[in-house]
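Chemist: Okay, so here is protein33.tsv, and as you'll see once you scroll down, it has TSV, C-alpha atoms.
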chain	number	residue	atom	x	y	z
A	258	MET	CA	83.91	109.74	93.03
A	259	ALA	CA	83.67	112.31	90.22
A	260	LYS	CA	84.61	115.11	92.60
A	261	VAL	CA	87.70	113.24	93.76
A	262	LYS	CA	88.85	112.86	90.17
A	263	ARG	CA	88.55	116.60	89.56
A	264	ARG	CA	90.42	117.63	92.72
A	265	SER	CA	93.21	115.05	92.69
A	266	PRO	CA	95.03	116.26	89.53
A	267	GLY	CA	95.03	119.82	90.95
A	268	LEU	CA	96.71	118.73	94.16
A	269	GLY	CA	99.14	116.51	92.25
A	270	THR	CA	100.13	119.44	90.06
A	271	LEU	CA	100.65	121.65	93.12
A	272	VAL	CA	102.83	118.98	94.79
A	273	LEU	CA	104.98	118.59	91.67
A	274	THR	CA	105.20	122.38	91.30
A	275	GLY	CA	106.27	122.72	94.93
A	276	PHE	CA	108.96	120.09	94.39
A	277	VAL	CA	110.37	121.78	91.27
A	278	LEU	CA	110.26	125.26	92.81
A	279	GLY	CA	111.94	123.91	95.94
A	280	ILE	CA	114.82	122.48	93.89
A	281	LEU	CA	115.22	125.77	92.01
A	282	CYS	CA	115.08	127.75	95.26
A	283	GLY	CA	117.76	125.53	96.84
A	284	LEU	CA	120.03	125.79	93.80
A	285	PHE	CA	119.64	129.59	93.66
A	286	PHE	CA	120.01	130.41	97.36
A	287	GLY	CA	122.38	127.57	98.27
A	288	GLU	CA	122.92	127.02	101.99
A	289	MET	CA	120.64	129.96	102.78
A	290	ALA	CA	117.76	127.60	101.97
A	291	ALA	CA	118.66	125.64	105.11
A	292	VAL	CA	116.38	128.00	107.05
A	293	LEU	CA	113.48	126.01	105.56
A	294	SER	CA	114.65	122.78	107.20
A	295	SER	CA	112.41	123.40	110.23
A	296	VAL	CA	109.36	123.74	107.99
A	297	GLY	CA	110.25	120.48	106.24
A	298	ARG	CA	110.82	118.66	109.53
A	299	ALA	CA	107.50	119.95	110.86
A	300	TYR	CA	105.67	118.61	107.79
A	301	VAL	CA	107.32	115.17	108.08
A	302	ARG	CA	106.41	114.97	111.77
A	303	LEU	CA	102.80	115.88	110.96
A	304	LEU	CA	102.74	113.01	108.46
A	305	GLN	CA	104.26	110.63	111.00
A	306	MET	CA	101.91	111.68	113.80
A	307	ALA	CA	99.09	109.25	112.99
A	308	ILE	CA	101.05	106.50	111.22
A	309	ILE	CA	101.86	104.05	114.03
A	310	PRO	CA	98.34	104.22	115.55
A	311	TYR	CA	96.97	103.78	112.02
A	312	ILE	CA	99.05	100.64	111.44
A	313	MET	CA	97.77	99.13	114.69
A	314	VAL	CA	94.13	100.00	114.08
A	315	SER	CA	94.11	98.93	110.42
A	316	LEU	CA	95.83	95.61	111.12
A	317	ILE	CA	93.68	94.68	114.10
A	318	GLY	CA	90.47	95.79	112.42
A	319	GLY	CA	91.40	94.30	109.05
A	320	LEU	CA	92.27	90.88	110.43
A	321	GLY	CA	89.29	90.99	112.79
A	322	ARG	CA	86.89	91.39	109.86
A	323	LEU	CA	88.31	88.36	108.05
A	324	THR	CA	87.52	84.71	108.60
A	325	PRO	CA	90.45	82.30	109.15
A	326	GLN	CA	89.95	80.99	105.60
A	327	GLN	CA	90.07	84.47	104.11
A	328	ALA	CA	93.19	85.38	106.13
A	329	SER	CA	94.92	82.20	104.93
A	330	ARG	CA	94.08	83.06	101.33
A	331	VAL	CA	95.50	86.58	101.67
A	332	ALA	CA	98.70	85.23	103.27
A	333	LEU	CA	99.11	82.56	100.59
A	334	TRP	CA	98.63	84.79	97.55
A	335	GLY	CA	100.49	87.70	99.10
A	336	GLY	CA	103.46	85.42	99.77
A	337	VAL	CA	103.41	83.99	96.25
A	338	VAL	CA	103.30	87.45	94.60
A	339	LEU	CA	106.07	88.72	96.89
A	340	LEU	CA	108.35	85.79	96.04
A	341	VAL	CA	107.74	86.20	92.29
A	342	ILE	CA	108.55	89.93	92.41
A	343	LEU	CA	111.68	89.32	94.51
A	344	ALA	CA	112.88	86.50	92.23
A	345	LEU	CA	112.52	88.58	89.07
A	346	GLY	CA	114.07	91.63	90.75
A	347	MET	CA	117.05	89.61	92.05
A	348	LEU	CA	117.65	88.20	88.56
A	349	LEU	CA	117.82	91.75	87.20
A	350	VAL	CA	120.26	92.85	89.93
A	351	LEU	CA	122.53	89.84	89.33
A	352	LEU	CA	122.78	90.73	85.64
A	353	VAL	CA	124.02	94.27	86.35
A	354	PRO	CA	127.75	93.42	86.87
A	355	LEU	CA	127.86	92.26	83.26
A	356	SER	CA	127.64	95.93	82.26
A	357	TYR	CA	130.59	97.06	84.39
A	358	PRO	CA	133.73	98.00	82.39
A	359	ASP	CA	137.16	96.50	83.05
A	360	TRP	CA	138.67	98.08	86.14
A	361	GLU	CA	141.80	97.91	88.23
A	362	SER	CA	141.06	98.06	91.95
A	363	ALA	CA	141.32	101.53	93.46
A	364	SER	CA	144.27	102.23	95.72
A	365	TYR	CA	142.13	104.65	97.69
A	366	PHE	CA	140.59	101.76	99.56
A	367	SER	CA	142.44	99.77	102.16
A	368	SER	CA	142.82	96.05	101.79
A	369	SER	CA	141.51	95.52	105.29
A	370	LEU	CA	138.52	93.30	105.62
A	371	SER	CA	135.15	94.74	106.40
A	372	ARG	CA	134.52	95.69	109.97
A	373	SER	CA	132.46	93.13	111.81
A	374	ALA	CA	128.83	93.75	111.12
A	375	GLU	CA	126.87	95.12	114.01
A	376	SER	CA	124.70	92.30	115.26
A	377	VAL	CA	120.95	92.79	115.25
A	378	ASP	CA	118.70	91.29	117.89
A	379	PHE	CA	115.91	89.89	115.73
A	380	VAL	CA	114.03	88.67	118.82
A	381	SER	CA	113.75	92.22	120.20
A	382	LEU	CA	113.11	93.63	116.74
A	383	TYR	CA	110.11	91.41	116.03
A	384	ILE	CA	108.80	90.23	119.41
A	385	PRO	CA	107.65	93.02	121.75
A	386	ALA	CA	107.99	92.31	125.46
A	387	ASN	CA	106.22	95.64	126.00
A	388	PRO	CA	104.07	96.80	123.06
A	389	PHE	CA	103.88	100.33	124.51
A	390	ASP	CA	107.68	100.56	124.47
A	391	SER	CA	107.69	99.44	120.82
A	392	LEU	CA	105.07	102.09	120.03
A	393	ALA	CA	107.03	104.81	121.80
A	394	ASN	CA	110.28	103.92	120.00
A	395	THR	CA	108.68	103.26	116.57
A	396	VAL	CA	109.85	99.65	116.41
A	397	VAL	CA	107.59	98.94	113.44
A	398	PRO	CA	108.18	95.14	113.09
A	399	ALA	CA	107.33	94.59	116.76
A	400	VAL	CA	104.24	96.80	116.47
A	401	VAL	CA	103.12	94.86	113.39
A	402	LEU	CA	103.57	91.48	115.07
A	403	PHE	CA	101.64	92.60	118.16
A	404	SER	CA	98.86	94.00	115.93
A	405	ILE	CA	98.69	90.76	113.94
A	406	ALA	CA	98.41	88.76	117.16
A	407	MET	CA	95.62	91.05	118.38
A	408	GLY	CA	93.91	90.89	114.98
A	409	VAL	CA	93.93	87.09	114.97
A	410	ALA	CA	92.55	87.09	118.52
A	411	VAL	CA	89.75	89.45	117.44
A	412	MET	CA	89.14	87.31	114.33
A	413	LEU	CA	88.47	84.27	116.53
A	414	SER	CA	86.34	86.18	119.03
A	415	GLU	CA	82.59	85.64	118.99
A	416	ARG	CA	81.75	89.11	120.35
A	417	LYS	CA	83.86	91.28	118.07
A	418	ALA	CA	81.21	93.45	116.39
A	419	PRO	CA	81.31	96.39	118.88
A	420	LEU	CA	85.13	96.44	118.83
A	421	LEU	CA	85.25	96.34	115.02
A	422	GLU	CA	82.81	99.25	114.84
A	423	LEU	CA	84.99	101.27	117.22
A	424	LEU	CA	88.15	100.41	115.27
A	425	ALA	CA	86.47	101.45	112.02
A	426	SER	CA	85.64	104.84	113.53
A	427	VAL	CA	89.20	105.32	114.81
A	428	ASP	CA	90.57	104.21	111.41
A	429	GLU	CA	88.46	106.85	109.65
A	430	ALA	CA	89.52	109.55	112.14
A	431	LEU	CA	93.22	108.77	111.62
A	432	MET	CA	92.71	108.79	107.85
A	433	ASN	CA	91.09	112.22	108.13
A	434	ILE	CA	94.23	113.50	109.86
A	435	THR	CA	96.35	112.18	106.99
A	436	ARG	CA	94.02	113.71	104.38
A	437	PHE	CA	94.33	117.10	106.04
A	438	VAL	CA	98.14	116.92	106.24
A	439	VAL	CA	98.34	115.84	102.58
A	440	LYS	CA	96.66	119.12	101.62
A	441	LEU	CA	99.73	120.86	103.04
A	442	ALA	CA	102.03	118.77	100.82
A	443	PRO	CA	102.94	121.54	98.31
A	444	PHE	CA	104.35	123.71	101.12
A	445	GLY	CA	106.08	120.88	103.02
A	446	ILE	CA	107.64	119.36	99.92
A	447	PHE	CA	108.80	122.79	98.72
A	448	ALA	CA	110.65	123.30	102.04
A	449	ILE	CA	112.21	119.82	102.03
A	450	ALA	CA	113.32	120.04	98.39
A	451	ALA	CA	114.81	123.52	98.86
A	452	ASN	CA	116.78	122.47	101.93
A	453	ALA	CA	118.07	119.30	100.22
A	454	ALA	CA	119.11	121.07	97.01
A	455	GLY	CA	120.76	123.92	98.89
A	456	THR	CA	122.88	121.79	101.23
A	457	LEU	CA	123.80	118.77	99.07
A	458	ASP	CA	127.51	118.39	98.29
A	459	LEU	CA	127.92	116.67	94.92
A	460	THR	CA	131.72	116.65	94.90
A	461	ALA	CA	131.79	113.50	97.06
A	462	PHE	CA	130.13	111.46	94.32
A	463	ASP	CA	132.91	111.52	91.73
A	464	LYS	CA	134.13	108.03	92.62
A	465	LEU	CA	130.59	106.65	92.67
A	466	GLN	CA	129.42	107.52	89.19
A	467	VAL	CA	129.25	103.92	87.98
A	468	TYR	CA	127.19	102.79	90.97
A	469	VAL	CA	124.90	105.83	91.05
A	470	TRP	CA	124.15	105.80	87.32
A	471	THR	CA	123.61	102.04	87.34
A	472	TYR	CA	121.30	102.40	90.34
A	473	LEU	CA	119.28	105.12	88.62
A	474	LEU	CA	119.00	103.05	85.44
A	475	LEU	CA	117.73	100.03	87.38
A	476	TRP	CA	115.39	102.25	89.37
A	477	THR	CA	113.94	103.67	86.15
A	478	LEU	CA	113.38	100.20	84.71
A	479	LEU	CA	111.76	98.89	87.90
A	480	PHE	CA	109.68	101.98	88.69
A	481	PHE	CA	108.40	102.84	85.21
A	482	VAL	CA	108.57	99.52	83.32
A	483	PHE	CA	108.95	96.31	85.34
A	484	LEU	CA	106.55	96.79	88.29
A	485	PRO	CA	103.85	98.77	86.40
A	486	GLY	CA	104.14	96.34	83.48
A	487	LEU	CA	103.60	93.39	85.81
A	488	LEU	CA	100.53	95.10	87.26
A	489	VAL	CA	99.07	96.02	83.86
A	490	ALA	CA	99.67	92.50	82.52
A	491	LEU	CA	98.01	90.71	85.45
A	492	THR	CA	95.18	93.10	86.43
A	493	PRO	CA	92.67	95.43	84.74
A	494	VAL	CA	94.47	98.49	86.17
A	495	THR	CA	95.97	100.69	83.45
A	496	TYR	CA	99.35	102.44	83.49
A	497	ARG	CA	97.70	105.85	83.58
A	498	GLU	CA	95.36	104.88	86.43
A	499	LEU	CA	98.33	103.73	88.49
A	500	PHE	CA	100.24	107.01	88.26
A	501	ASP	CA	97.14	109.23	88.42
A	502	THR	CA	96.12	107.58	91.69
A	503	PHE	CA	99.49	107.37	93.43
A	504	ARG	CA	101.65	110.17	92.05
A	505	ILE	CA	101.21	112.29	95.19
A	506	ALA	CA	102.17	109.34	97.39
A	507	PHE	CA	105.22	108.54	95.24
A	508	ILE	CA	106.40	112.16	95.24
A	509	THR	CA	105.85	112.43	99.00
A	510	ALA	CA	107.79	109.22	99.68
A	511	PHE	CA	110.60	110.48	97.41
A	512	VAL	CA	110.93	113.93	98.94
A	513	THR	CA	110.42	112.98	102.60
A	514	GLY	CA	112.66	109.91	102.33
A	515	SER	CA	110.04	107.77	104.08
A	516	VAL	CA	107.53	105.12	102.98
A	517	LEU	CA	105.99	104.92	106.42
A	518	VAL	CA	104.40	108.36	106.13
A	519	VAL	CA	102.50	107.46	102.93
A	520	LEU	CA	101.02	104.11	104.04
A	521	PRO	CA	97.53	105.58	104.64
A	522	MET	CA	97.68	107.28	101.23
A	523	LEU	CA	98.60	103.97	99.58
A	524	ILE	CA	95.77	102.11	101.32
A	525	GLU	CA	93.22	104.75	100.32
A	526	GLY	CA	94.44	104.77	96.72
A	527	ILE	CA	94.33	100.98	96.44
A	528	SER	CA	90.79	100.89	97.83
A	529	SER	CA	89.80	103.56	95.30
A	530	LEU	CA	91.23	101.59	92.37
A	531	LEU	CA	89.54	98.39	93.52
A	532	ALA	CA	86.23	100.27	93.72
A	533	GLN	CA	86.69	101.69	90.20
A	534	HIS	CA	87.06	98.15	88.85
A	535	GLY	CA	84.22	96.69	90.92
A	536	ALA	CA	86.62	94.51	92.91
A	537	ASN	CA	86.02	95.97	96.35
A	538	ASP	CA	84.03	94.25	99.05
A	539	GLU	CA	84.34	93.77	102.79
A	540	GLU	CA	86.98	91.07	102.38
A	541	THR	CA	89.25	93.04	100.03
A	542	ASP	CA	88.95	96.21	102.13
A	543	ALA	CA	90.00	94.24	105.22
A	544	ALA	CA	92.76	92.44	103.31
A	545	VAL	CA	94.27	95.72	102.07
A	546	ASP	CA	94.37	97.01	105.65
A	547	VAL	CA	96.31	93.87	106.60
A	548	LEU	CA	98.59	93.41	103.60
A	549	ILE	CA	100.09	96.92	103.30
A	550	PRO	CA	101.36	97.27	106.91
A	551	THR	CA	102.54	93.64	106.96
A	552	SER	CA	104.41	93.63	103.63
A	553	PHE	CA	105.99	96.98	104.57
A	554	ASN	CA	108.26	94.99	106.90
A	555	PHE	CA	109.44	92.57	104.19
A	556	PRO	CA	112.31	93.28	101.77
A	557	GLY	CA	111.19	94.49	98.35
A	558	VAL	CA	112.83	95.21	95.03
A	559	ALA	CA	114.16	98.52	96.41
A	560	MET	CA	116.19	96.60	98.98
A	561	LEU	CA	117.54	94.38	96.18
A	562	LEU	CA	119.07	97.49	94.59
A	563	VAL	CA	120.77	98.23	97.92
A	564	LEU	CA	122.14	94.67	98.09
A	565	GLY	CA	123.46	95.21	94.57
A	566	PHE	CA	126.05	97.54	96.09
A	567	VAL	CA	127.93	94.42	97.24
A	568	LEU	CA	128.35	93.38	93.60
A	569	PHE	CA	129.59	96.89	92.79
A	570	ALA	CA	131.99	96.75	95.77
A	571	GLY	CA	133.49	93.50	94.51
A	572	TRP	CA	134.01	94.98	91.05
A	573	TYR	CA	135.47	98.22	92.44
A	574	ALA	CA	137.88	96.44	94.79
A	575	GLY	CA	138.99	93.96	92.12
A	576	SER	CA	137.35	90.99	93.92
A	577	GLU	CA	134.28	90.35	91.81
A	578	LEU	CA	131.83	87.74	93.06
A	579	SER	CA	131.95	84.60	90.94
A	580	LEU	CA	128.78	83.07	89.53
A	581	GLN	CA	129.16	80.20	91.99
A	582	ARG	CA	128.72	82.66	94.87
A	583	TYR	CA	125.54	84.27	93.51
A	584	PRO	CA	123.19	81.73	95.21
A	585	LEU	CA	124.86	82.46	98.56
A	586	PHE	CA	124.60	86.20	97.93
A	587	ALA	CA	120.91	85.98	96.99
A	588	SER	CA	119.82	83.71	99.85
A	589	VAL	CA	121.81	85.31	102.67
A	590	GLY	CA	121.18	88.81	101.34
A	591	LEU	CA	117.40	88.44	101.47
A	592	PHE	CA	117.58	87.14	105.04
A	593	VAL	CA	119.81	89.87	106.47
A	594	ALA	CA	117.85	92.51	104.53
A	595	PHE	CA	115.21	92.29	107.26
A	596	GLY	CA	117.66	94.20	109.47
A	597	GLY	CA	117.96	97.10	107.00
A	598	SER	CA	120.84	98.30	104.85
A	599	ASN	CA	123.04	99.33	107.80
A	600	ILE	CA	122.98	95.73	109.01
A	601	ALA	CA	122.83	93.86	105.69
A	602	LEU	CA	125.69	95.57	103.85
A	603	PRO	CA	128.42	95.34	106.55
A	604	PHE	CA	127.46	91.70	107.06
A	605	LEU	CA	127.68	90.87	103.34
A	606	LEU	CA	130.92	92.82	102.86
A	607	ASP	CA	132.40	90.81	105.70
A	608	LEU	CA	130.99	87.53	104.35
A	609	PHE	CA	132.56	88.07	100.92
A	610	ARG	CA	135.82	89.49	102.35
A	611	LEU	CA	135.50	92.94	100.79
A	612	PRO	CA	137.19	96.13	102.13
A	613	ALA	CA	135.61	97.97	105.06
A	614	ASP	CA	135.93	101.32	103.28
A	615	MET	CA	133.25	100.30	100.80
A	616	PHE	CA	130.48	100.69	103.36
A	617	ASP	CA	131.56	104.28	103.95
A	618	LEU	CA	131.31	104.80	100.20
A	619	PHE	CA	127.76	103.39	100.26
A	620	LEU	CA	126.76	105.88	102.96
A	621	VAL	CA	127.89	108.71	100.69
A	622	ALA	CA	125.93	107.34	97.72
A	623	ASN	CA	122.89	106.71	99.89
A	624	VAL	CA	122.43	110.46	100.35
A	625	ILE	CA	121.14	110.49	96.76
A	626	THR	CA	119.84	106.96	96.22
A	627	ASN	CA	117.70	106.88	99.37
A	628	PHE	CA	115.13	109.22	97.78
A	629	PHE	CA	114.69	106.81	94.87
A	630	PHE	CA	114.70	103.85	97.26
A	631	MET	CA	111.64	105.17	99.09
A	632	SER	CA	109.56	105.89	95.99
A	633	LEU	CA	110.37	102.44	94.59
A	634	SER	CA	109.40	100.86	97.92
A	635	ALA	CA	106.02	102.61	97.71
A	636	MET	CA	105.54	101.36	94.13
A	637	ASN	CA	106.46	97.83	95.26
A	638	LEU	CA	103.79	97.90	98.00
A	639	VAL	CA	101.12	99.13	95.57
A	640	VAL	CA	101.87	96.52	92.90
A	641	LEU	CA	102.18	93.67	95.40
A	642	THR	CA	98.86	94.52	97.05
A	643	LEU	CA	96.87	95.14	93.87
A	644	ILE	CA	98.03	91.92	92.18
A	645	THR	CA	97.25	89.98	95.35
A	646	MET	CA	93.77	91.51	95.61
A	647	PHE	CA	92.83	90.84	91.99
What does the file become when written as structure tokens?
Modeler:
Amino acid sequence: MAKVKRRSPGLGTLVLTGFVLGILCGLFFGEMAAVLSSVGRAYVRLLQMAIIPYIMVSLIGGLGRLTPQQASRVALWGGVVLLVILALGMLLVLLVPLSYPDWESASYFSSSLSRSAESVDFVSLYIPANPFDSLANTVVPAVVLFSIAMGVAVMLSERKAPLLELLASVDEALMNITRFVVKLAPFGIFAIAANAAGTLDLTAFDKLQVYVWTYLLLWTLLFFVFLPGLLVALTPVTYRELFDTFRIAFITAFVTGSVLVVLPMLIEGISSLLAQHGANDEETDAAVDVLIPTSFNFPGVAMLLVLGFVLFAGWYAGSELSLQRYPLFASVGLFVAFGGSNIALPFLLDLFRLPADMFDLFLVANVITNFFFMSLSAMNLVVLTLITMF
């Protein structure tokens, strides 16, 4: 454990240095930095290579090691913590419109109603008719449901010991792949940051300053104050321990624009923190393997910030949502959030009779906000899991 503590800060410093140098390189060379896009894409694909198999193995093995009583306890407390975090986060998002200045609706936007939201087939999204097809097409919710079903079946099996031993070996092998790829993070993140900084067009964001700055303010409060504060208040984990353990994962999620690629890093970091505080045992190790991949598919506080764009759209178009409509916004928004922002936002804009053009405006803003979305999603998973475990 002492050796890990000495090496980790060095790698974290290299990752942060690579990120800063990549930004400077992109700003200096401009679009010439686009030649590094292939290097960045290669690094992201290396990170993704073992993720889906890892989710399957960790879920099946994690559930298989639990008893039905232990699995019920994890589901109960995980659900309670998730609902508390979502409720507090939604309250914060609903208070944001109070800070918006007086505004006359912009003539740039048409008065046409939002285009009909593209329907999502939740049955196909969550229930795999062919698990191998879901694996091949990275349909994560379907893969998770299949893995949970297999894990429960293994849990109830009387002859599961040989299978659990095999799954543990495969789990360790997949984690070794991730550990190796993480060592390449300074180079991969440098390439991604340089390409992003060199090709980003900031002129399109003039009309979005209110939304973008409000989003960044909320992100700062949630990422550095609200979620860490909740963790520090309810567990023995300190603020410094949290960021020392997960800073590489947070930076990687931010730069790559993906939470999926850092799931093994989050699981390993959580297990390490639990061990430091003497809270790790066979049950908690198995529960972490179950809770992280499962809760990944549920909306978190990062998705609440995305839903907050509907409140901004109402203010911008001169059709602010009344307080009486907030309960409808909160309840329906959380449900459709399972389909992702590209499903949830068109649906909500249509529900509240807001202009179609606003979704196009969101897509422009999302070029910037998506990086922050991913890092906040990673923080949400860490805090949710650690509070549930303690």
Chemist: CA of Ser579 (chain A) and CA of Val337 (chain A) are how many Å apart?
Modeler: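 If I compute the distance from CA of Ser579 (chain A) to CA of Val337 (chain A), I get 29.0 Å.
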Chemist: Could you check how far CA of Val516 (chain A) sits from CA of Phe389 (chain A), in Å to one decimal?
Modeler: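 The value is 22.4 Å.
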Chemist: Determine the nearest neighbour of Ala344 (chain A) from the options A:Pro385, A:Pro612, A:Gly557, A:Gly571, counting all atoms listed in the file.
Modeler: A:Gly557
Chemist: What's around region 317-332 of chain A at 9 Å? Count all atoms listed in the file, leave out sequence neighbours fewer than 2 positions away in its own chain, and write the answer as number ranges by chain.
Modeler: A: 312-315, 334-337, 404-414, 417-418, 420-422, 424-425, 428, 539-540, 542-548, 645-646
Chemist: Using Å and a single decimal, report how far CA of Asn452 (chain A) sits from CA of Gly283 (chain A).
Modeler: 6.0 Å
Chemist: So that I can see what lies close to Gly535 (chain A), please list as a tab-separated table (two decimals) with C-alpha atoms, in the frame of the given file the residues with an atom at most 12 Å from it, counting all atoms listed in the file and leaving out residues fewer than 4 positions away in the same chain.
Modeler:
chain	number	residue	atom	x	y	z
A	493	PRO	CA	92.67	95.43	84.74
A	494	VAL	CA	94.47	98.49	86.17
A	528	SER	CA	90.79	100.89	97.83
A	529	SER	CA	89.80	103.56	95.30
A	530	LEU	CA	91.23	101.59	92.37
A	531	LEU	CA	89.54	98.39	93.52
A	541	THR	CA	89.25	93.04	100.03
A	646	MET	CA	93.77	91.51	95.61
A	647	PHE	CA	92.83	90.84	91.99
Chemist: Using all atoms listed in the file, which of A:Leu580, A:Leu568, A:Ala442, A:Leu641 sits nearest Thr551 (chain A)?
Modeler: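 Of the candidates, the smallest distance to Thr551 (chain A) is held by A:Leu641.
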Chemist: Using all atoms listed in the file, which protein or nucleic acid residues come within 10 Å of Met347 (chain A)? Drop anything in the same chain fewer than 4 positions from it, and give the result as a VMD selection string.
Modeler: chain A and resid 341 to 343 351 to 352 557 to 558 560 to 562 564 to 565 587 591
Chemist: With a cut-off of 12 Å, could you pull out the residues of region 447-563 of chain A touching region 396-399 of chain A and give me the nearest pair of atoms for each, distance in Å to one decimal, using only C-alpha atoms, ordered by chain and ascending number, as a Markdown table?
Modeler:
| residue | atom | partner | partner_atom | distance |
| --- | --- | --- | --- | --- |
| A:Leu517 | CA | A:Val397 | CA | 9.4 |
| A:Pro550 | CA | A:Val397 | CA | 9.2 |
| A:Thr551 | CA | A:Pro398 | CA | 8.5 |
| A:Ser552 | CA | A:Pro398 | CA | 10.3 |
| A:Phe553 | CA | A:Pro398 | CA | 9.0 |
| A:Asn554 | CA | A:Pro398 | CA | 6.2 |
| A:Phe555 | CA | A:Pro398 | CA | 9.3 |
Chemist: Which residue is closest to Gln305 (chain A)? Choose from A:Ala450, A:Leu488, A:Ile505, A:Val519 and count only C-alpha atoms.
Modeler: A:Val519
Chemist: Using all atoms listed in the file for the distances, tell me which of A:Tyr383, A:Phe447, A:Tyr311, A:Trp572 is nearest to Leu520 (chain A).
Modeler: A:Tyr311
Chemist: Here is a test: counting only C-alpha atoms, which residue of A:Val512, A:Leu348, A:Leu473, A:Leu608 is nearest to Gly445 (chain A)?
Modeler: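 Among the listed residues, the smallest separation from Gly445 (chain A) belongs to A:Val512.
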Chemist: Using only C-alpha atoms for the distances, tell me which of A:Val467, A:Leu349, A:Val482, A:Val518 is nearest to Leu303 (chain A).
Modeler: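 Among A:Val467, A:Leu349, A:Val482, A:Val518, it is A:Val518 that comes nearest to Leu303 (chain A).
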Chemist: Listing only residues of region 507-592 of chain A within 12 Å of region 434-439 of chain A, what is the closest atom pair and its distance in Å (to one decimal) for each, using only C-alpha atoms, sorted by chain and residue number ascending, as JSON lines?
Modeler:
{"residue": "A:Ile508", "atom": "CA", "partner": "A:Val439", "partner_atom": "CA", "distance": 11.5}
{"residue": "A:Thr509", "atom": "CA", "partner": "A:Val439", "partner_atom": "CA", "distance": 9.0}
{"residue": "A:Ala510", "atom": "CA", "partner": "A:Val439", "partner_atom": "CA", "distance": 11.9}
{"residue": "A:Val518", "atom": "CA", "partner": "A:Thr435", "partner_atom": "CA", "distance": 9.0}
{"residue": "A:Val519", "atom": "CA", "partner": "A:Thr435", "partner_atom": "CA", "distance": 8.8}
{"residue": "A:Leu520", "atom": "CA", "partner": "A:Thr435", "partner_atom": "CA", "distance": 9.8}
{"residue": "A:Pro521", "atom": "CA", "partner": "A:Thr435", "partner_atom": "CA", "distance": 7.1}
{"residue": "A:Met522", "atom": "CA", "partner": "A:Thr435", "partner_atom": "CA", "distance": 7.7}
{"residue": "A:Leu523", "atom": "CA", "partner": "A:Thr435", "partner_atom": "CA", "distance": 11.3}
{"residue": "A:Ile524", "atom": "CA", "partner": "A:Thr435", "partner_atom": "CA", "distance": 11.6}
{"residue": "A:Glu525", "atom": "CA", "partner": "A:Arg436", "partner_atom": "CA", "distance": 9.9}
{"residue": "A:Gly526", "atom": "CA", "partner": "A:Arg436", "partner_atom": "CA", "distance": 11.8}
Chemist: Taking all listed atoms of region 396-403 of chain A, build the axis-aligned box, pad each of the six sides by 6 Å, then write its centre and edge lengths in Å to one decimal as lines of an AutoDock Vina configuration file.
Modeler:
center_x = 105.7
center_y = 95.6
center_z = 115.6
size_x = 20.2
size_y = 20.2
size_z = 17.1
